[in-house]
$ cat my_file.txt   # compact mmCIF, C-alpha atoms
# COMPACT_ATOMS: atom_id res chain seq x y z
CA VAL T 192 44.39 107.58 111.27
CA ASN T 193 42.63 104.93 113.28
CA LEU T 194 39.00 105.90 112.80
CA ALA T 195 38.12 104.01 115.98
CA ASP T 196 39.81 106.86 117.81
CA PHE T 197 37.04 109.25 116.72
CA GLY T 198 34.34 109.47 119.33
CA ALA T 199 36.44 107.39 121.72
CA LEU T 200 38.57 110.23 122.96
CA SER T 201 40.82 110.13 125.98
CA MET T 202 39.05 110.88 129.24
CA SER T 203 37.67 114.37 129.61
CA SER T 204 38.50 116.34 132.71
CA ARG T 205 37.56 119.58 134.44
CA LEU T 206 39.28 122.71 133.17
CA THR T 207 42.22 123.94 135.24
CA ALA T 208 43.06 127.54 136.17
CA GLY T 209 45.78 127.44 133.49
CA ASP T 210 43.24 126.25 130.89
CA LEU T 211 40.91 129.13 131.77
CA GLN T 212 43.71 131.67 131.34
CA VAL T 213 44.17 130.55 127.72
CA ILE T 214 40.44 130.23 126.99
CA THR T 215 39.41 133.68 128.24
CA ARG T 216 41.97 135.37 125.95
CA VAL T 217 40.85 133.81 122.65
CA ALA T 218 39.54 136.03 119.88
CA ILE T 219 36.03 134.61 120.00
CA PHE T 220 35.47 136.07 123.49
CA ARG T 221 37.03 139.46 122.79
CA GLY T 222 34.74 142.27 123.91
CA LEU T 223 32.55 140.05 126.09
CA ARG T 224 32.21 140.65 129.83
CA SER T 225 34.15 138.16 131.97
CA GLU T 226 30.95 136.87 133.59
CA THR T 227 29.49 136.20 130.11
CA VAL T 228 32.59 134.21 129.12
CA GLU T 229 32.40 132.25 132.38
CA HIS T 230 28.77 131.39 131.63
CA VAL T 231 29.57 130.20 128.08
CA ILE T 232 32.41 127.92 129.16
CA ALA T 233 30.78 126.68 132.39
CA PRO T 234 30.10 123.12 131.09
CA ALA T 235 33.33 122.94 129.04
CA THR T 236 35.68 120.02 129.60
CA GLY T 237 39.34 119.49 128.84
CA VAL T 238 40.23 116.70 126.40
CA MET T 239 43.73 115.24 126.13
CA LEU T 240 44.73 113.97 122.69
CA LYS T 241 47.77 111.99 121.71
CA ALA T 242 49.61 112.79 118.46
CA HIS T 243 47.56 111.59 115.44
CA GLU T 244 44.42 111.06 117.56
CA GLY T 245 41.20 112.32 116.00
CA LEU T 246 38.91 114.88 117.63
CA PHE T 247 36.05 114.78 115.11
CA ARG T 248 35.58 113.59 111.56
CA GLN T 249 34.35 115.35 108.41
CA GLY T 250 30.58 114.81 108.19
CA ASP T 251 30.04 114.12 111.91
CA PRO T 252 27.19 116.10 113.56
CA ALA T 253 28.62 119.27 115.12
CA THR T 254 28.00 118.79 118.83
CA ALA T 255 30.62 121.22 120.19
CA PHE T 256 33.15 123.89 119.38
CA PHE T 257 36.74 123.76 120.56
CA ILE T 258 39.56 125.92 121.92
CA LEU T 259 43.12 124.65 121.66
CA ILE T 260 44.87 125.02 125.03
CA ASP T 261 48.18 123.41 124.13
CA GLY T 262 49.79 121.56 121.20
CA TRP T 263 48.93 121.58 117.48
CA ILE T 264 45.75 120.50 115.66
CA LYS T 265 45.28 120.14 111.91
CA LEU T 266 41.98 120.53 110.07
CA TYR T 267 41.81 118.66 106.80
CA ARG T 268 39.36 117.43 104.18
CA ILE T 269 39.45 114.21 102.19
CA THR T 270 39.09 114.78 98.43
CA PRO T 271 36.89 112.48 96.27
CA SER T 272 40.10 110.75 95.17
CA GLY T 273 40.92 109.99 98.82
CA GLU T 274 43.74 112.51 99.21
CA GLU T 275 44.15 114.67 102.34
CA THR T 276 43.99 118.45 101.88
CA VAL T 277 45.17 120.45 104.90
CA ILE T 278 42.84 123.41 105.50
CA HIS T 279 44.38 124.91 108.63
CA ILE T 280 46.83 124.15 111.42
CA LEU T 281 46.08 125.67 114.83
CA THR T 282 48.07 126.12 118.00
CA LYS T 283 47.52 127.44 121.53
CA GLY T 284 44.65 129.93 121.73
CA GLY T 285 43.05 128.93 118.43
CA SER T 286 39.31 128.22 118.30
CA PHE T 287 37.49 126.19 115.68
CA ALA T 288 34.07 124.82 114.67
CA GLU T 289 32.21 127.77 116.24
CA ALA T 290 29.88 128.44 113.30
CA VAL T 291 28.82 124.85 112.65
CA ALA T 292 28.32 124.27 116.37
CA PHE T 293 25.59 126.87 116.72
CA THR T 294 23.98 126.32 113.31
CA GLY T 295 23.52 122.61 113.94
CA ASN T 296 25.35 121.55 110.77
CA ARG T 297 27.99 118.86 110.31
CA TYR T 298 31.72 119.36 110.67
CA PRO T 299 33.06 120.33 107.22
CA ALA T 300 36.54 118.94 107.97
CA THR T 301 38.36 116.43 110.14
CA ALA T 302 40.31 117.59 113.21
CA GLU T 303 43.34 115.59 114.30
CA ALA T 304 46.13 116.21 116.81
CA VAL T 305 49.51 116.79 115.17
CA THR T 306 51.29 116.59 118.53
CA ASP T 307 50.04 115.69 122.00
CA ALA T 308 47.40 118.33 122.62
CA ARG T 309 44.87 119.60 125.15
CA VAL T 310 41.56 120.97 123.92
CA ALA T 311 38.59 122.59 125.64
CA ARG T 312 35.28 121.21 124.39
CA VAL T 313 32.28 123.55 124.71
CA PRO T 314 28.89 121.80 124.10
CA ALA T 315 26.93 123.32 121.19
CA ASP T 316 23.50 123.12 122.83
CA HIS T 317 24.75 125.16 125.79
CA VAL T 318 26.23 127.79 123.42
CA VAL T 319 22.88 128.09 121.61
CA ARG T 320 21.11 128.68 124.93
CA CYS T 321 23.68 131.34 125.86
CA ILE T 322 23.20 133.09 122.50
CA ARG T 323 19.44 133.27 123.08
CA GLU T 324 20.11 134.89 126.45
CA SER T 325 22.88 137.20 125.23
CA PRO T 326 23.03 138.11 121.51
CA ASP T 327 26.46 139.70 122.11
CA ILE T 328 27.87 136.16 122.08
CA ALA T 329 26.55 135.61 118.55
CA LEU T 330 28.18 138.85 117.40
CA ALA T 331 31.50 137.71 118.89
CA MET T 332 31.19 134.38 117.09
CA VAL T 333 30.36 136.07 113.78
CA ALA T 334 33.47 138.24 114.20
CA SER T 335 35.57 135.14 114.94
CA THR T 336 34.15 133.30 111.91
CA SER T 337 34.91 136.35 109.77
CA GLN T 338 38.49 136.24 111.05
CA HIS T 339 38.79 132.58 110.04
CA LEU T 340 37.43 133.44 106.58
CA HIS T 341 39.92 136.29 106.22
CA HIS T 342 42.72 133.87 107.13
CA LEU T 343 41.54 131.39 104.47
CA VAL T 344 41.40 134.16 101.85
CA GLN T 345 44.97 135.11 102.77
CA GLN T 346 46.01 131.47 102.38
CA VAL T 347 44.43 131.25 98.92
CA GLU T 348 46.11 134.51 97.92
CA GLN T 349 49.45 133.17 99.21
CA LEU T 350 49.09 129.95 97.24
CA LYS T 351 48.25 131.84 94.04
CA ALA T 352 50.63 134.78 94.29
CA GLN T 353 53.72 133.59 96.17
CA SER T 354 56.48 131.32 94.96
CA GLY T 355 57.38 128.21 96.93
CA VAL T 356 60.47 129.97 98.32
CA GLN T 357 58.34 132.90 99.49
CA ARG T 358 55.83 130.61 101.19
CA VAL T 359 58.60 128.79 103.06
CA ALA T 360 60.32 132.08 103.97
CA GLU T 361 57.05 133.48 105.36
CA PHE T 362 56.37 130.27 107.30
CA LEU T 363 59.82 130.27 108.90
CA ALA T 364 59.63 134.00 109.67
CA SER T 365 56.22 133.50 111.35
CA LEU T 366 57.83 131.15 113.89
CA SER T 367 60.03 133.93 115.29
CA VAL T 368 59.14 137.18 117.04
CA ALA T 369 62.58 138.63 116.16
CA LYS T 370 62.55 141.51 113.67
CA GLN T 371 66.24 141.54 112.81
CA GLY T 372 69.53 139.73 113.39
CA LYS T 373 70.28 136.05 113.87
CA CYS T 374 67.79 133.68 115.46
CA ALA T 375 67.15 129.98 115.99
CA ILE T 376 63.75 128.29 115.78
CA ALA T 377 62.36 124.77 115.95
CA LEU T 378 60.02 123.42 113.28
CA PRO T 379 56.73 122.77 115.11
CA TYR T 380 55.78 119.66 113.14
CA ASP T 381 57.17 117.36 110.47
CA LYS T 382 58.21 118.51 106.99
CA VAL T 383 55.53 116.48 105.20
CA LEU T 384 52.84 118.44 107.07
CA ILE T 385 54.68 121.74 106.51
CA ALA T 386 54.66 121.00 102.78
CA ALA T 387 50.92 120.22 102.86
CA ARG T 388 50.23 123.40 104.84
CA LEU T 389 52.10 125.47 102.23
CA GLY T 390 50.59 123.76 99.19
CA LEU T 391 53.92 122.20 98.17
CA THR T 392 55.16 118.69 97.49
CA PRO T 393 57.83 117.45 99.94
CA GLU T 394 60.32 117.64 97.05
CA SER T 395 59.44 121.29 96.37
CA LEU T 396 59.81 122.06 100.07
CA SER T 397 63.29 120.50 100.09
CA ARG T 398 64.27 122.57 97.03
CA ALA T 399 63.01 125.75 98.71
CA PHE T 400 65.01 124.95 101.86
CA SER T 401 68.09 124.39 99.69
CA ARG T 402 67.65 127.73 97.93
CA LEU T 403 67.27 129.56 101.24
CA LYS T 404 70.71 128.34 102.30
CA ALA T 405 72.04 131.06 99.96
CA VAL T 406 70.65 133.71 102.33
CA GLY T 407 71.86 132.06 105.52
CA VAL T 408 69.03 129.68 106.47
CA VAL T 409 70.51 126.46 107.84
CA ILE T 410 68.20 123.54 108.59
CA ASP T 411 69.34 120.54 110.63
CA ALA T 412 66.49 118.07 111.24
CA SER T 413 63.85 120.18 113.07
CA GLN T 414 66.25 122.96 114.11
CA VAL T 415 66.60 126.08 111.95
CA VAL T 416 69.18 128.83 112.27
CA ILE T 417 68.41 132.06 110.40
CA LYS T 418 71.35 134.40 109.84
CA ASP T 419 69.21 137.47 109.12
CA ILE T 420 65.51 137.31 109.94
CA ALA T 421 64.90 140.73 108.35
CA LYS T 422 66.22 139.43 105.01
CA LEU T 423 63.94 136.38 105.30
CA ARG T 424 60.94 138.65 105.88
CA GLN T 425 61.93 140.64 102.81
CA ILE T 426 62.02 137.48 100.71
CA ALA T 427 58.55 136.54 101.95
CA ALA T 428 57.24 139.97 100.93
CA ASP T 429 59.04 140.29 97.59
CA GLU T 430 61.48 137.59 96.57
CA ARG T 431 62.92 139.34 93.51
CA SER T 432 63.70 142.75 94.95
CA ALA T 433 64.89 141.28 98.25
CA VAL T 434 67.55 138.99 96.88
CA ARG T 435 68.73 140.79 93.72
CA GLY T 436 70.02 137.61 92.15
CA THR T 437 71.25 135.96 95.38
CA LEU T 438 68.89 133.04 94.72
CA ARG T 439 69.45 131.27 91.45
CA PRO T 440 66.36 130.66 89.25
CA MET T 441 64.62 127.42 90.13
CA HIS T 442 64.35 124.94 87.26
$ encode --input "my_file.txt" --output "structure tokens"
Amino acid sequence: VNLADFGALSMSSRLTAGDLQVITRVAIFRGLRSETVEHVIAPATGVMLKAHEGLFRQGDPATAFFILIDGWIKLYRITPSGEETVIHILTKGGSFAEAVAFTGNRYPATAEAVTDARVARVPADHVVRCIRESPDIALAMVASTSQHLHHLVQQVEQLKAQSGVQRVAEFLASLSVAKQGKCAIALPYDKVLIAARLGLTPESLSRAFSRLKAVGVVIDASQVVIKDIAKLRQIAADERSAVRGTLRPMH
């Protein structure tokens, strides 16, 4: 990442009607009156990011919170040894940095565009003023933060309890709304990032993909054809009982 990109973002612009449609539906505003939401996002601007462009850096003062309007954003931390640990990957309708924005802390992770993306930036000082006027906003933000925490707990549980094959099966199944039958999906970002998101090495990811061929999962570059999505969901839930020996033990 070119660190010069941080703080030198592409030009901000006014939010469009399409932007507002996405923003008003996000979880953080659930339960708030429409006029309250309009007040909170009044000074928000739209920021266009190119793939691999940074939005903010770990340790920067938290001056805003963000809502992803389009594209994919990854949140990651740099370990003391200099390695990148992916914390979360968000797509359209995801919000992030709410809690640090209104507590005045620093961003605990770095945010970077995975693909070309559009983000709404809501200034933190304005949000704090709104909270003082309407405590309901704070309650909505606490609920949203709790949801993020629940998601992280689920991720930790997944990393500890699920095999690599199960993690990959669950990831692929999450990309489709189909409940049964054959379906085709496109991988949303590159395999190196998928591996990092799932807590796997790229080699382990490749082995998991190979093993899933036995149950009709065919991967060609970024395109995936799944013969039976219900079977894949079963594997994600319980690999052993779902496959009954279809998948050979992984050495």
$ atom_distance --input "my_file.txt" --atom1 "atom CA of T:Lys373" --atom2 "atom CA of T:Lys265"
29.7 Å
$ axis_aligned_box --input "my_file.txt" --around "stretch 221-224 of chain T" --padding-each-side "3 Å" --output "lines of an AutoDock Vina configuration file"
center_x = 34.6
center_y = 140.9
center_z = 126.3
size_x = 10.8
size_y = 8.8
size_z = 13.0
$ residues_around --input "my_file.txt" --residues "T:Val318" --least-positions-apart "3" --cutoff "9 Å" --atoms "all atoms listed in the file" --output "count of residues only"
13
$ closest_residue --input "my_file.txt" --among "T:Ala311, T:Ala405, T:Ile269, T:Ala377" --to "T:Ile426" --atoms "all atoms listed in the file"
T:Ala405
$ atom_distance --input "my_file.txt" --atom1 "atom CA of T:Gln345" --atom2 "atom CA of T:Ala218"
18.0 Å
$ residues_near_point --input "my_file.txt" --point "(38.5, 118.7, 109.6)" --cutoff "6 Å" --atoms "only C-alpha atoms" --output "ChimeraX atom specification"
/T:249,266-268,300-302
$ write_last_selection --input "my_file.txt" --atoms "C-alpha atoms" --output "short mmCIF file (atom, residue, chain, number, x, y, z; two decimals), keeping the file's coordinate frame"
data_model
loop_
_atom_site.label_atom_id
_atom_site.label_comp_id
_atom_site.auth_asym_id
_atom_site.auth_seq_id
_atom_site.Cartn_x
_atom_site.Cartn_y
_atom_site.Cartn_z
CA GLN T 249 34.35 115.35 108.41
CA LEU T 266 41.98 120.53 110.07
CA TYR T 267 41.81 118.66 106.80
CA ARG T 268 39.36 117.43 104.18
CA ALA T 300 36.54 118.94 107.97
CA THR T 301 38.36 116.43 110.14
CA ALA T 302 40.31 117.59 113.21
#
$ atom_distance --input "my_file.txt" --atom1 "atom CA of T:Gly407" --atom2 "atom CA of T:Tyr380"
21.7 Å
$ closest_residue --input "my_file.txt" --among "T:Ala427, T:Ala399, T:Val277, T:Ser325" --to "T:Gln353" --atoms "only C-alpha atoms"
T:Ala427
$ closest_residue --input "my_file.txt" --among "T:Gly390, T:Gly245, T:Gly250, T:Gly355" --to "T:His279" --atoms "only C-alpha atoms"
T:Gly390
$ closest_residue --input "my_file.txt" --among "T:Pro299, T:Pro379, T:Gly372, T:Pro393" --to "T:Ile420" --atoms "all atoms listed in the file"
T:Gly372
$ closest_residue --input "my_file.txt" --among "T:Val415, T:Glu303, T:Thr294, T:Val310" --to "T:Ser367" --atoms "all atoms listed in the file"
T:Val415
$ decode --input "my_file.txt" --residues "stretch 362-378 of chain T" --atoms "C-alpha atoms" --output "PDB file, in the first residue's frame"
ATOM      1  CA  PHE T 362     -17.673 -18.856   2.536  1.00  0.00           C
ATOM      2  CA  LEU T 363     -18.776 -20.133  -0.876  1.00  0.00           C
ATOM      3  CA  ALA T 364     -22.305 -20.870   0.371  1.00  0.00           C
ATOM      4  CA  SER T 365     -22.560 -17.316   1.783  1.00  0.00           C
ATOM      5  CA  LEU T 366     -22.080 -15.899  -1.725  1.00  0.00           C
ATOM      6  CA  SER T 367     -25.319 -17.475  -2.972  1.00  0.00           C
ATOM      7  CA  VAL T 368     -28.932 -16.930  -1.930  1.00  0.00           C
ATOM      8  CA  ALA T 369     -29.900 -20.327  -3.408  1.00  0.00           C
ATOM      9  CA  LYS T 370     -30.961 -22.969  -0.878  1.00  0.00           C
ATOM     10  CA  GLN T 371     -30.772 -26.011  -3.130  1.00  0.00           C
ATOM     11  CA  GLY T 372     -29.795 -27.190  -6.608  1.00  0.00           C
ATOM     12  CA  LYS T 373     -27.021 -26.037  -8.914  1.00  0.00           C
ATOM     13  CA  CYS T 374     -25.732 -22.475  -8.895  1.00  0.00           C
ATOM     14  CA  ALA T 375     -22.874 -20.360 -10.212  1.00  0.00           C
ATOM     15  CA  ILE T 376     -21.110 -17.599  -8.282  1.00  0.00           C
ATOM     16  CA  ALA T 377     -18.159 -15.278  -8.781  1.00  0.00           C
ATOM     17  CA  LEU T 378     -15.421 -14.949  -6.167  1.00  0.00           C
TER      18      LEU T 378
END
